[in-house]
Structure formats: structure tokens, C-alpha cells
Amino acid sequence: MKIVLSAMLAALVGLTSVAASAFTVGYASRFLGGGFDLVRLDLDGYVSTIGSNDMLPSAGAFAGDDYSTQYIVDFNVGRLESVDVHTGHVTLIGIADLGENVPIGLGWDPTSSQMFLLAADDPCTTSTLYVIDLVSAATLELGSTPHCISGLAIGADGVGYGVDLDEDALVSIDIGTGASAMIGPI
């Protein structure tokens with residue numbers, strides 16, 4: 001529920017790359033012409049700037065129960081960075097090897113303690129799932145689905161979820177193979 005509310009709040013104020021913590025706080029990026037502000041959101045609608053960055057984040061997520069560091073991935077070149085959500089300090093971890101794919105989702109799996117990255121080909125006809133190392137940004141391709149899937153959330157049971165943009169549908173994503181299955185329209 002908190003992730004959904006944070007995403008809705010972010011959409012209302014024109015933000016990208018939303019990640020929610022276990023508390024009623026969300027983190028996002030806001031475009032400001034020459035760069036991006038990293039912002040903290042609360043459910044009362046208050047937005048505070050915690051830092052800035054020159055990259056266009058396409059996805060963000062927290063790892064495990066550590067809500068002091070948000071991981072973000074760059075839309076253009078796949079830079080994986082960590083953000084200290086208290087100070088706004090950004091640290092480059094590395095560049096993910098995604099081939100020609102662009103990152104469109106990042107999610108932590110609590111059952112395997114791994115971060116997963118979802119990326120799409122240029123016309124967005126295929127989405128590919130990777131495991132991404134949070135120390136080196138090294139990736140391991142797990143598999144693809146012939147759909148344009150955006151976003152990635154992973155439940156406590158290890159089931160992945162995303163939105164099929166072609167079908168306007170919520171889908172489940174098998175985090176072992178990258179295969180998707182329609183749940184229903186949105």
C-alpha cells in the first residue's frame with residue numbers, strides 16, 4: 001500500500017523513479033531543467049529536497065530493511081548509484097551491462113536477498129530480467145518476455161509484478177525466468 005501511495009503522490013507532483021521505505025515516506029527524482037533533485041515525500045504531500053544528480057533515474061529501490069540507502073539506475077546508460085537518503089550523497093557503483101536494453105524497473109527480492117533489474121529493448125517489444133550486484137553493478141541475465149513491461153515490484157513471497165504497457169495490464173513476473181503472465185487490466 002505504501003508503494004502505491006508513494007507512486008500516486010509522485011505522479012501528482014511530476015516525479016520519476018519512486019521507491020518507498022517501510023515508513024510512510026517515499027523517495028523520488030524531480031526534473032529541474034539542468035539536472036534532477038532527489039526528494040523525500042510524505043503521505044501528507046510534503047516534498048523536501050535531499051540532494052541533486054545529473055542522471056535521469058528510471059528506477060529506484062531499497063535493499064532489505066536498509067532504508068537509509070536507495071539504489072537508482074540511470075535510464076540512458078545503466079549507471080547504478082546509491083543515494084544516502086539522509087544527506088543526498090550519491091555514489092557511483094558501476095555501469096550495468098544491459099546490451100542495448102534500457103532499465104525500466106528495479107526491485108529487491110526478500111526471499112533471495114537479491115536486487116533485480118528489468119530492462120527493455122529500444123522499441124519496447126521485449127523486456128529482460130537481470131540480477132544486479134549492488135557492489136559492482138555486474139548483471140546476470142535471467143530471461144525475457146515478449147511484452148513491454150514497465151516497473152518492478154517484488155512481494156514478500158518472491159513474486160514479481162509489473163505493468164504491461166501494450167495490454168494496459170498488471171502482470172506477474174517469474175523472477176527465475178523473466179516470463180510474465182497477465183493478472184488483469186488496469
# chains A, B, ... in the order shown; residues from 1 in each chain; ligands from 1
call {"tool": "select_by_dssp", "arguments": {"residues": "chain A", "states": "alpha helix (DSSP H)", "output": "PDB file with all heavy atoms, in the first residue's frame"}}
result
ATOM      1  N   LYS A   2       1.943   1.252   0.775  1.00  0.00           N
ATOM      2  CA  LYS A   2       2.797   2.433   0.864  1.00  0.00           C
ATOM      3  C   LYS A   2       3.461   2.737  -0.476  1.00  0.00           C
ATOM      4  O   LYS A   2       3.602   3.890  -0.843  1.00  0.00           O
ATOM      5  CB  LYS A   2       3.848   2.245   1.946  1.00  0.00           C
ATOM      6  CG  LYS A   2       3.238   2.243   3.322  1.00  0.00           C
ATOM      7  CD  LYS A   2       4.257   1.955   4.377  1.00  0.00           C
ATOM      8  CE  LYS A   2       3.553   1.831   5.696  1.00  0.00           C
ATOM      9  NZ  LYS A   2       4.198   0.989   6.607  1.00  0.00           N
ATOM     10  N   ILE A   3       3.866   1.684  -1.210  1.00  0.00           N
ATOM     11  CA  ILE A   3       4.488   1.901  -2.512  1.00  0.00           C
ATOM     12  C   ILE A   3       3.470   2.509  -3.468  1.00  0.00           C
ATOM     13  O   ILE A   3       3.772   3.449  -4.187  1.00  0.00           O
ATOM     14  CB  ILE A   3       5.069   0.590  -3.067  1.00  0.00           C
ATOM     15  CG1 ILE A   3       6.254   0.146  -2.213  1.00  0.00           C
ATOM     16  CG2 ILE A   3       5.479   0.745  -4.523  1.00  0.00           C
ATOM     17  CD1 ILE A   3       6.792  -1.202  -2.559  1.00  0.00           C
ATOM     18  N   VAL A   4       2.254   2.006  -3.469  1.00  0.00           N
ATOM     19  CA  VAL A   4       1.218   2.534  -4.349  1.00  0.00           C
ATOM     20  C   VAL A   4       0.939   3.992  -4.017  1.00  0.00           C
ATOM     21  O   VAL A   4       0.865   4.841  -4.893  1.00  0.00           O
ATOM     22  CB  VAL A   4      -0.074   1.686  -4.252  1.00  0.00           C
ATOM     23  CG1 VAL A   4      -1.207   2.345  -4.998  1.00  0.00           C
ATOM     24  CG2 VAL A   4       0.173   0.285  -4.776  1.00  0.00           C
ATOM     25  N   LEU A   5       0.802   4.307  -2.731  1.00  0.00           N
ATOM     26  CA  LEU A   5       0.538   5.690  -2.337  1.00  0.00           C
ATOM     27  C   LEU A   5       1.694   6.599  -2.695  1.00  0.00           C
ATOM     28  O   LEU A   5       1.490   7.716  -3.155  1.00  0.00           O
ATOM     29  CB  LEU A   5       0.245   5.760  -0.839  1.00  0.00           C
ATOM     30  CG  LEU A   5      -1.066   5.124  -0.403  1.00  0.00           C
ATOM     31  CD1 LEU A   5      -1.183   5.121   1.113  1.00  0.00           C
ATOM     32  CD2 LEU A   5      -2.252   5.839  -1.026  1.00  0.00           C
ATOM     33  N   SER A   6       2.928   6.134  -2.513  1.00  0.00           N
ATOM     34  CA  SER A   6       4.083   6.944  -2.879  1.00  0.00           C
ATOM     35  C   SER A   6       4.124   7.183  -4.375  1.00  0.00           C
ATOM     36  O   SER A   6       4.423   8.281  -4.826  1.00  0.00           O
ATOM     37  CB  SER A   6       5.384   6.268  -2.436  1.00  0.00           C
ATOM     38  OG  SER A   6       5.446   6.229  -1.039  1.00  0.00           O
ATOM     39  N   ALA A   7       3.812   6.159  -5.166  1.00  0.00           N
ATOM     40  CA  ALA A   7       3.814   6.311  -6.623  1.00  0.00           C
ATOM     41  C   ALA A   7       2.719   7.276  -7.057  1.00  0.00           C
ATOM     42  O   ALA A   7       2.924   8.103  -7.940  1.00  0.00           O
ATOM     43  CB  ALA A   7       3.625   4.955  -7.291  1.00  0.00           C
ATOM     44  N   MET A   8       1.538   7.196  -6.433  1.00  0.00           N
ATOM     45  CA  MET A   8       0.458   8.109  -6.774  1.00  0.00           C
ATOM     46  C   MET A   8       0.828   9.537  -6.407  1.00  0.00           C
ATOM     47  O   MET A   8       0.601  10.466  -7.171  1.00  0.00           O
ATOM     48  CB  MET A   8      -0.829   7.687  -6.069  1.00  0.00           C
ATOM     49  CG  MET A   8      -1.429   6.421  -6.639  1.00  0.00           C
ATOM     50  SD  MET A   8      -2.811   5.722  -5.711  1.00  0.00           S
ATOM     51  CE  MET A   8      -3.697   7.107  -5.120  1.00  0.00           C
ATOM     52  N   LEU A   9       1.406   9.717  -5.228  1.00  0.00           N
ATOM     53  CA  LEU A   9       1.825  11.040  -4.801  1.00  0.00           C
ATOM     54  C   LEU A   9       2.887  11.591  -5.742  1.00  0.00           C
ATOM     55  O   LEU A   9       2.830  12.747  -6.140  1.00  0.00           O
ATOM     56  CB  LEU A   9       2.363  10.981  -3.360  1.00  0.00           C
ATOM     57  CG  LEU A   9       2.833  12.283  -2.752  1.00  0.00           C
ATOM     58  CD1 LEU A   9       1.691  13.294  -2.702  1.00  0.00           C
ATOM     59  CD2 LEU A   9       3.387  12.040  -1.367  1.00  0.00           C
ATOM     60  N   ALA A  10       3.828  10.762  -6.121  1.00  0.00           N
ATOM     61  CA  ALA A  10       4.883  11.193  -7.038  1.00  0.00           C
ATOM     62  C   ALA A  10       4.301  11.621  -8.378  1.00  0.00           C
ATOM     63  O   ALA A  10       4.717  12.620  -8.946  1.00  0.00           O
ATOM     64  CB  ALA A  10       5.901  10.075  -7.235  1.00  0.00           C
ATOM     65  N   ALA A  11       3.350  10.864  -8.885  1.00  0.00           N
ATOM     66  CA  ALA A  11       2.742  11.212 -10.167  1.00  0.00           C
ATOM     67  C   ALA A  11       2.033  12.563 -10.089  1.00  0.00           C
ATOM     68  O   ALA A  11       2.067  13.346 -11.031  1.00  0.00           O
ATOM     69  CB  ALA A  11       1.755  10.122 -10.591  1.00  0.00           C
ATOM     70  N   LEU A  12       1.436  12.847  -8.962  1.00  0.00           N
ATOM     71  CA  LEU A  12       0.729  14.118  -8.802  1.00  0.00           C
ATOM     72  C   LEU A  12       1.668  15.311  -8.840  1.00  0.00           C
ATOM     73  O   LEU A  12       1.298  16.388  -9.274  1.00  0.00           O
ATOM     74  CB  LEU A  12      -0.051  14.121  -7.486  1.00  0.00           C
ATOM     75  CG  LEU A  12      -1.257  13.198  -7.443  1.00  0.00           C
ATOM     76  CD1 LEU A  12      -1.861  13.205  -6.050  1.00  0.00           C
ATOM     77  CD2 LEU A  12      -2.298  13.620  -8.466  1.00  0.00           C
TER      78      LEU A  12
END
call {"tool": "residues_around", "arguments": {"residues": "Ala63 (chain A)", "least_positions_apart": "2", "cutoff": "12 Å", "atoms": "only C-alpha atoms", "output": "MDAnalysis selection string"}}
result
chainID A and resid 19:22 60:61 65:72 82:83 106:116 132:135 154
call {"tool": "write_last_selection", "arguments": {"atoms": "N, CA, C and O atoms", "output": "CSV table (one decimal), in the first residue's frame"}}
result
chain,number,residue,atom,x,y,z
A,19,ALA,N,10.7,5.1,-5.0
A,19,ALA,CA,10.9,3.9,-4.1
A,19,ALA,C,10.3,4.3,-2.7
A,19,ALA,O,10.4,5.5,-2.3
A,20,ALA,N,9.7,3.4,-2.1
A,20,ALA,CA,9.1,3.7,-0.8
A,20,ALA,C,9.8,2.9,0.3
A,20,ALA,O,10.3,1.8,0.1
A,21,SER,N,9.9,3.5,1.5
A,21,SER,CA,10.5,2.8,2.6
A,21,SER,C,9.4,2.2,3.5
A,21,SER,O,8.3,2.3,3.2
A,22,ALA,N,9.8,1.5,4.5
A,22,ALA,CA,8.9,0.8,5.4
A,22,ALA,C,8.1,1.8,6.2
A,22,ALA,O,7.1,1.5,6.8
A,60,GLY,N,14.2,3.0,-8.9
A,60,GLY,CA,14.9,3.0,-7.6
A,60,GLY,C,14.3,2.0,-6.7
A,60,GLY,O,13.1,1.6,-6.8
A,61,ALA,N,15.1,1.5,-5.7
A,61,ALA,CA,14.7,0.5,-4.8
A,61,ALA,C,15.6,0.5,-3.6
A,61,ALA,O,16.7,1.0,-3.6
A,65,ASP,N,16.1,-4.4,4.7
A,65,ASP,CA,15.5,-3.5,5.6
A,65,ASP,C,16.3,-2.2,5.8
A,65,ASP,O,16.1,-1.5,6.8
A,66,ASP,N,17.2,-2.0,4.9
A,66,ASP,CA,18.1,-0.8,5.0
A,66,ASP,C,17.4,0.4,4.2
A,66,ASP,O,17.5,0.4,3.0
A,67,TYR,N,16.7,1.2,4.9
A,67,TYR,CA,16.0,2.3,4.3
A,67,TYR,C,16.8,3.6,4.3
A,67,TYR,O,16.3,4.7,4.1
A,68,SER,N,18.1,3.5,4.6
A,68,SER,CA,19.0,4.7,4.6
A,68,SER,C,19.7,4.8,3.2
A,68,SER,O,20.2,5.9,2.9
A,69,THR,N,19.7,3.8,2.4
A,69,THR,CA,20.3,3.8,1.1
A,69,THR,C,19.3,3.4,0.0
A,69,THR,O,18.8,2.3,0.1
A,70,GLN,N,19.1,4.3,-0.9
A,70,GLN,CA,18.3,3.9,-2.1
A,70,GLN,C,19.2,3.7,-3.2
A,70,GLN,O,20.2,4.4,-3.4
A,71,TYR,N,18.9,2.7,-4.0
A,71,TYR,CA,19.7,2.4,-5.2
A,71,TYR,C,18.9,2.9,-6.4
A,71,TYR,O,17.7,2.6,-6.5
A,72,ILE,N,19.5,3.6,-7.3
A,72,ILE,CA,18.9,4.1,-8.5
A,72,ILE,C,19.7,3.7,-9.7
A,72,ILE,O,20.9,3.5,-9.7
A,82,SER,N,24.1,4.6,-5.6
A,82,SER,CA,23.5,4.5,-4.3
A,82,SER,C,23.3,6.0,-3.8
A,82,SER,O,24.1,6.8,-4.1
A,83,VAL,N,22.2,6.2,-3.1
A,83,VAL,CA,21.9,7.5,-2.5
A,83,VAL,C,21.7,7.4,-1.0
A,83,VAL,O,20.8,6.6,-0.6
A,106,LEU,N,13.4,-1.7,-11.0
A,106,LEU,CA,14.4,-2.2,-10.0
A,106,LEU,C,13.6,-2.7,-8.8
A,106,LEU,O,12.7,-2.0,-8.3
A,107,GLY,N,13.9,-3.9,-8.3
A,107,GLY,CA,13.2,-4.4,-7.2
A,107,GLY,C,14.0,-5.4,-6.4
A,107,GLY,O,14.8,-6.2,-6.9
A,108,TRP,N,13.8,-5.3,-5.1
A,108,TRP,CA,14.5,-6.2,-4.1
A,108,TRP,C,13.7,-7.4,-3.8
A,108,TRP,O,12.5,-7.3,-3.5
A,109,ASP,N,14.3,-8.6,-3.9
A,109,ASP,CA,13.6,-9.8,-3.6
A,109,ASP,C,14.0,-10.2,-2.1
A,109,ASP,O,15.1,-10.6,-1.9
A,110,PRO,N,13.0,-10.2,-1.2
A,110,PRO,CA,13.4,-10.6,0.2
A,110,PRO,C,13.6,-12.1,0.4
A,110,PRO,O,14.2,-12.4,1.4
A,111,THR,N,13.1,-12.9,-0.6
A,111,THR,CA,13.3,-14.3,-0.4
A,111,THR,C,14.7,-14.8,-0.8
A,111,THR,O,15.2,-15.8,-0.3
A,112,SER,N,15.4,-14.1,-1.7
A,112,SER,CA,16.7,-14.4,-2.2
A,112,SER,C,17.8,-13.4,-1.8
A,112,SER,O,18.9,-13.6,-2.0
A,113,SER,N,17.3,-12.3,-1.2
A,113,SER,CA,18.2,-11.2,-0.8
A,113,SER,C,19.0,-10.7,-2.0
A,113,SER,O,20.2,-10.5,-1.9
A,114,GLN,N,18.3,-10.5,-3.2
A,114,GLN,CA,19.0,-10.1,-4.4
A,114,GLN,C,18.2,-8.9,-5.0
A,114,GLN,O,17.0,-8.9,-4.9
A,115,MET,N,18.9,-8.0,-5.7
A,115,MET,CA,18.3,-6.9,-6.4
A,115,MET,C,18.1,-7.4,-7.9
A,115,MET,O,19.0,-8.0,-8.5
A,116,PHE,N,16.9,-7.1,-8.4
A,116,PHE,CA,16.5,-7.5,-9.8
A,116,PHE,C,16.3,-6.2,-10.6
A,116,PHE,O,15.8,-5.2,-10.1
A,132,ILE,N,21.2,-7.9,-10.5
A,132,ILE,CA,22.3,-6.9,-10.5
A,132,ILE,C,23.0,-6.9,-9.1
A,132,ILE,O,22.3,-6.9,-8.1
A,133,ASP,N,24.3,-6.9,-9.2
A,133,ASP,CA,25.1,-6.9,-8.0
A,133,ASP,C,25.2,-5.4,-7.4
A,133,ASP,O,25.6,-4.5,-8.2
A,134,LEU,N,24.9,-5.2,-6.2
A,134,LEU,CA,24.9,-3.9,-5.6
A,134,LEU,C,26.3,-3.4,-5.2
A,134,LEU,O,26.4,-2.2,-4.8
A,135,VAL,N,27.3,-4.2,-5.4
A,135,VAL,CA,28.7,-3.8,-5.1
A,135,VAL,C,29.4,-3.4,-6.4
A,135,VAL,O,30.2,-2.4,-6.4
A,154,ILE,N,8.5,-6.5,-6.1
A,154,ILE,CA,8.6,-7.9,-5.7
A,154,ILE,C,8.0,-8.1,-4.3
A,154,ILE,O,8.4,-7.4,-3.4
call {"tool": "closest_residue", "arguments": {"among": "A:Thr145, A:Val102, A:Val39, A:Leu170", "to": "His86 (chain A)", "atoms": "only C-alpha atoms"}}
result
A:Val39
call {"tool": "atom_distance", "arguments": {"atom1": "CA of Asp84 (chain A)", "atom2": "CA of Val163 (chain A)"}}
result
28.3 Å
call {"tool": "select_by_dssp", "arguments": {"residues": "region 23-143 of chain A", "states": "strand (DSSP E)", "output": "MDAnalysis selection string"}}
result
chainID A and resid 25:31 36:42 47:53 57:63 66:74 79:84 90:95 102:109 114:120 127:132 139:143
call {"tool": "write_last_selection", "arguments": {"atoms": "C-alpha atoms", "output": "compact mmCIF listing (two decimals), in the first residue's frame"}}
result
# COMPACT_ATOMS: atom_id res chain seq x y z
CA VAL A 25 7.98 8.10 3.30
CA GLY A 26 8.76 7.81 -0.39
CA TYR A 27 11.79 8.90 -2.38
CA ALA A 28 11.80 10.11 -5.96
CA SER A 29 13.57 12.29 -8.51
CA ARG A 30 12.26 15.57 -9.92
CA PHE A 31 13.46 17.04 -13.22
CA PHE A 36 17.41 16.20 -11.10
CA ASP A 37 16.57 16.79 -7.48
CA LEU A 38 16.41 13.80 -5.18
CA VAL A 39 13.36 14.34 -2.98
CA ARG A 40 11.68 12.84 0.06
CA LEU A 41 7.86 12.61 0.07
CA ASP A 42 5.49 12.07 2.93
CA VAL A 47 8.18 17.25 -0.61
CA SER A 48 11.70 18.06 0.61
CA THR A 49 14.89 18.10 -1.45
CA ILE A 50 17.69 15.89 -0.10
CA GLY A 51 20.21 16.26 -2.94
CA SER A 52 20.72 16.56 -6.67
CA ASN A 53 22.03 14.43 -9.50
CA PRO A 57 16.90 7.80 -12.92
CA SER A 58 14.47 5.30 -14.38
CA ALA A 59 14.04 3.15 -11.30
CA GLY A 60 14.87 3.05 -7.62
CA ALA A 61 14.65 0.53 -4.78
CA PHE A 62 15.85 -0.22 -1.28
CA ALA A 63 17.72 -3.41 -0.34
CA ASP A 66 18.06 -0.77 4.96
CA TYR A 67 16.01 2.33 4.25
CA SER A 68 18.99 4.67 4.58
CA THR A 69 20.33 3.83 1.10
CA GLN A 70 18.28 3.95 -2.08
CA TYR A 71 19.68 2.36 -5.24
CA ILE A 72 18.87 4.11 -8.51
CA VAL A 73 19.63 3.19 -12.10
CA ASP A 74 20.15 5.61 -14.97
CA ARG A 79 24.63 3.64 -14.19
CA LEU A 80 23.85 2.08 -10.83
CA GLU A 81 24.21 4.56 -7.98
CA SER A 82 23.50 4.54 -4.27
CA VAL A 83 21.90 7.51 -2.54
CA ASP A 84 22.21 8.24 1.17
CA VAL A 90 25.28 9.94 -4.43
CA THR A 91 27.90 7.25 -5.06
CA LEU A 92 28.50 5.64 -8.45
CA ILE A 93 28.65 1.85 -8.11
CA GLY A 94 29.17 0.99 -11.77
CA ILE A 95 27.58 0.63 -15.20
CA VAL A 102 17.32 0.40 -21.15
CA PRO A 103 16.49 -0.10 -17.45
CA ILE A 104 12.82 0.37 -16.53
CA GLY A 105 12.45 -1.35 -13.16
CA LEU A 106 14.41 -2.21 -10.04
CA GLY A 107 13.18 -4.41 -7.19
CA TRP A 108 14.52 -6.20 -4.12
CA ASP A 109 13.56 -9.84 -3.55
CA GLN A 114 18.99 -10.07 -4.39
CA MET A 115 18.26 -6.95 -6.44
CA PHE A 116 16.55 -7.49 -9.79
CA LEU A 117 16.61 -5.12 -12.75
CA LEU A 118 14.08 -5.07 -15.57
CA ALA A 119 15.17 -3.60 -18.92
CA ALA A 120 13.53 -3.23 -22.33
CA SER A 127 11.57 -6.95 -21.52
CA THR A 128 14.55 -8.73 -19.95
CA LEU A 129 15.09 -9.55 -16.28
CA TYR A 130 18.54 -9.44 -14.65
CA VAL A 131 20.04 -9.90 -11.21
CA ILE A 132 22.26 -6.89 -10.48
CA THR A 139 24.45 -8.29 -14.16
CA LEU A 140 23.26 -11.81 -14.83
CA GLU A 141 20.54 -12.16 -17.48
CA LEU A 142 17.74 -14.46 -16.31
CA GLY A 143 15.33 -14.36 -19.23
call {"tool": "atom_distance", "arguments": {"atom1": "CA of Gly184 (chain A)", "atom2": "CA of Leu152 (chain A)"}}
result
16.2 Å
call {"tool": "atom_distance", "arguments": {"atom1": "CA of Ala153 (chain A)", "atom2": "CA of Pro185 (chain A)"}}
result
17.1 Å
call {"tool": "residues_around", "arguments": {"residues": "Asp174 (chain A)", "least_positions_apart": "3", "cutoff": "8 Å", "atoms": "only C-alpha atoms", "output": "PDB file with all heavy atoms, in the first residue's frame"}}
result
ATOM      1  N   VAL A 159       7.308 -13.080  -5.617  1.00  0.00           N
ATOM      2  CA  VAL A 159       6.644 -12.929  -6.910  1.00  0.00           C
ATOM      3  C   VAL A 159       6.848 -11.494  -7.392  1.00  0.00           C
ATOM      4  O   VAL A 159       6.634 -10.546  -6.642  1.00  0.00           O
ATOM      5  CB  VAL A 159       5.140 -13.257  -6.811  1.00  0.00           C
ATOM      6  CG1 VAL A 159       4.437 -12.988  -8.141  1.00  0.00           C
ATOM      7  CG2 VAL A 159       4.939 -14.699  -6.390  1.00  0.00           C
ATOM      8  N   GLY A 160       7.270 -11.361  -8.647  1.00  0.00           N
ATOM      9  CA  GLY A 160       7.467 -10.048  -9.232  1.00  0.00           C
ATOM     10  C   GLY A 160       6.197  -9.547  -9.899  1.00  0.00           C
ATOM     11  O   GLY A 160       5.354 -10.341 -10.338  1.00  0.00           O
ATOM     12  N   THR A 177      12.828 -16.762 -14.349  1.00  0.00           N
ATOM     13  CA  THR A 177      12.922 -16.884 -15.805  1.00  0.00           C
ATOM     14  C   THR A 177      12.658 -15.575 -16.556  1.00  0.00           C
ATOM     15  O   THR A 177      12.953 -15.488 -17.745  1.00  0.00           O
ATOM     16  CB  THR A 177      11.894 -17.909 -16.316  1.00  0.00           C
ATOM     17  OG1 THR A 177      10.571 -17.395 -16.089  1.00  0.00           O
ATOM     18  CG2 THR A 177      12.065 -19.263 -15.638  1.00  0.00           C
ATOM     19  N   GLY A 178      12.054 -14.592 -15.914  1.00  0.00           N
ATOM     20  CA  GLY A 178      11.692 -13.350 -16.578  1.00  0.00           C
ATOM     21  C   GLY A 178      10.359 -13.423 -17.308  1.00  0.00           C
ATOM     22  O   GLY A 178       9.897 -12.428 -17.858  1.00  0.00           O
ATOM     23  N   ALA A 179       9.720 -14.591 -17.324  1.00  0.00           N
ATOM     24  CA  ALA A 179       8.433 -14.745 -18.013  1.00  0.00           C
ATOM     25  C   ALA A 179       7.347 -13.961 -17.276  1.00  0.00           C
ATOM     26  O   ALA A 179       7.366 -13.853 -16.053  1.00  0.00           O
ATOM     27  CB  ALA A 179       8.053 -16.214 -18.086  1.00  0.00           C
ATOM     28  N   SER A 180       6.398 -13.425 -18.051  1.00  0.00           N
ATOM     29  CA  SER A 180       5.294 -12.675 -17.447  1.00  0.00           C
ATOM     30  C   SER A 180       3.974 -13.368 -17.738  1.00  0.00           C
ATOM     31  O   SER A 180       3.834 -14.083 -18.722  1.00  0.00           O
ATOM     32  CB  SER A 180       5.272 -11.239 -17.970  1.00  0.00           C
ATOM     33  OG  SER A 180       4.961 -11.205 -19.349  1.00  0.00           O
TER      34      SER A 180
END
call {"tool": "residues_around", "arguments": {"residues": "Met182 (chain A)", "least_positions_apart": "3", "cutoff": "9 Å", "atoms": "only C-alpha atoms", "output": "list in words"}}
result
Asp164, Glu167, Ala169, Leu170, Val171, Ser172 and Pro185 of chain A
call {"tool": "write_last_selection", "arguments": {"atoms": "N, CA, C and O atoms", "output": "compact mmCIF listing (two decimals), in the first residue's frame"}}
result
# COMPACT_ATOMS: atom_id res chain seq x y z
N ASP A 164 2.22 -4.24 -18.02
CA ASP A 164 2.38 -4.44 -19.46
C ASP A 164 1.79 -3.22 -20.14
O ASP A 164 0.57 -3.01 -20.12
N GLU A 167 -0.70 -3.95 -23.18
CA GLU A 167 -2.01 -4.52 -22.82
C GLU A 167 -2.73 -3.72 -21.73
O GLU A 167 -3.86 -4.04 -21.38
N ALA A 169 -2.14 -3.78 -18.53
CA ALA A 169 -2.49 -4.83 -17.59
C ALA A 169 -1.41 -5.01 -16.53
O ALA A 169 -0.22 -4.80 -16.80
N LEU A 170 -1.84 -5.40 -15.35
CA LEU A 170 -0.93 -5.82 -14.30
C LEU A 170 -0.49 -7.24 -14.62
O LEU A 170 -1.31 -8.08 -15.00
N VAL A 171 0.82 -7.50 -14.52
CA VAL A 171 1.35 -8.83 -14.80
C VAL A 171 2.19 -9.32 -13.63
O VAL A 171 2.74 -8.53 -12.87
N SER A 172 2.25 -10.63 -13.51
CA SER A 172 3.22 -11.22 -12.58
C SER A 172 4.47 -11.55 -13.39
O SER A 172 4.39 -11.78 -14.60
N PRO A 185 -6.58 -6.35 -16.27
CA PRO A 185 -6.45 -4.99 -16.79
C PRO A 185 -6.33 -3.96 -15.65
O PRO A 185 -6.76 -4.21 -14.53
call {"tool": "decode", "arguments": {"residues": "region 138-150 of chain A", "atoms": "N, CA and C atoms", "output": "tab-separated table (two decimals), in the first residue's frame"}}
result
chain	number	residue	atom	x	y	z
A	138	ALA	N	27.52	-5.59	-11.68
A	138	ALA	CA	27.55	-6.72	-12.61
A	138	ALA	C	26.14	-7.31	-12.72
A	139	THR	N	25.79	-7.75	-13.93
A	139	THR	CA	24.45	-8.29	-14.16
A	139	THR	C	24.52	-9.74	-14.63
A	140	LEU	N	23.45	-10.46	-14.34
A	140	LEU	CA	23.26	-11.81	-14.83
A	140	LEU	C	21.87	-11.85	-15.47
A	141	GLU	N	21.83	-12.10	-16.78
A	141	GLU	CA	20.54	-12.16	-17.48
A	141	GLU	C	19.82	-13.44	-17.12
A	142	LEU	N	18.54	-13.31	-16.71
A	142	LEU	CA	17.74	-14.46	-16.31
A	142	LEU	C	16.78	-14.92	-17.40
A	143	GLY	N	16.27	-14.00	-18.19
A	143	GLY	CA	15.33	-14.36	-19.23
A	143	GLY	C	14.51	-13.17	-19.67
A	144	SER	N	13.71	-13.38	-20.71
A	144	SER	CA	12.94	-12.29	-21.31
A	144	SER	C	11.49	-12.70	-21.50
A	145	THR	N	10.67	-11.69	-21.74
A	145	THR	CA	9.27	-11.89	-22.09
A	145	THR	C	8.96	-10.99	-23.28
A	146	PRO	N	8.13	-11.45	-24.22
A	146	PRO	CA	7.84	-10.64	-25.42
A	146	PRO	C	6.75	-9.60	-25.16
A	147	HIS	N	6.94	-8.81	-24.12
A	147	HIS	CA	5.99	-7.76	-23.75
A	147	HIS	C	6.76	-6.53	-23.29
A	148	CYS	N	6.11	-5.38	-23.36
A	148	CYS	CA	6.70	-4.13	-22.88
A	148	CYS	C	6.27	-3.94	-21.43
A	149	ILE	N	7.08	-4.45	-20.50
A	149	ILE	CA	6.77	-4.39	-19.08
A	149	ILE	C	7.51	-3.20	-18.47
A	150	SER	N	6.80	-2.41	-17.68
A	150	SER	CA	7.41	-1.26	-17.01
A	150	SER	C	7.25	-1.43	-15.51
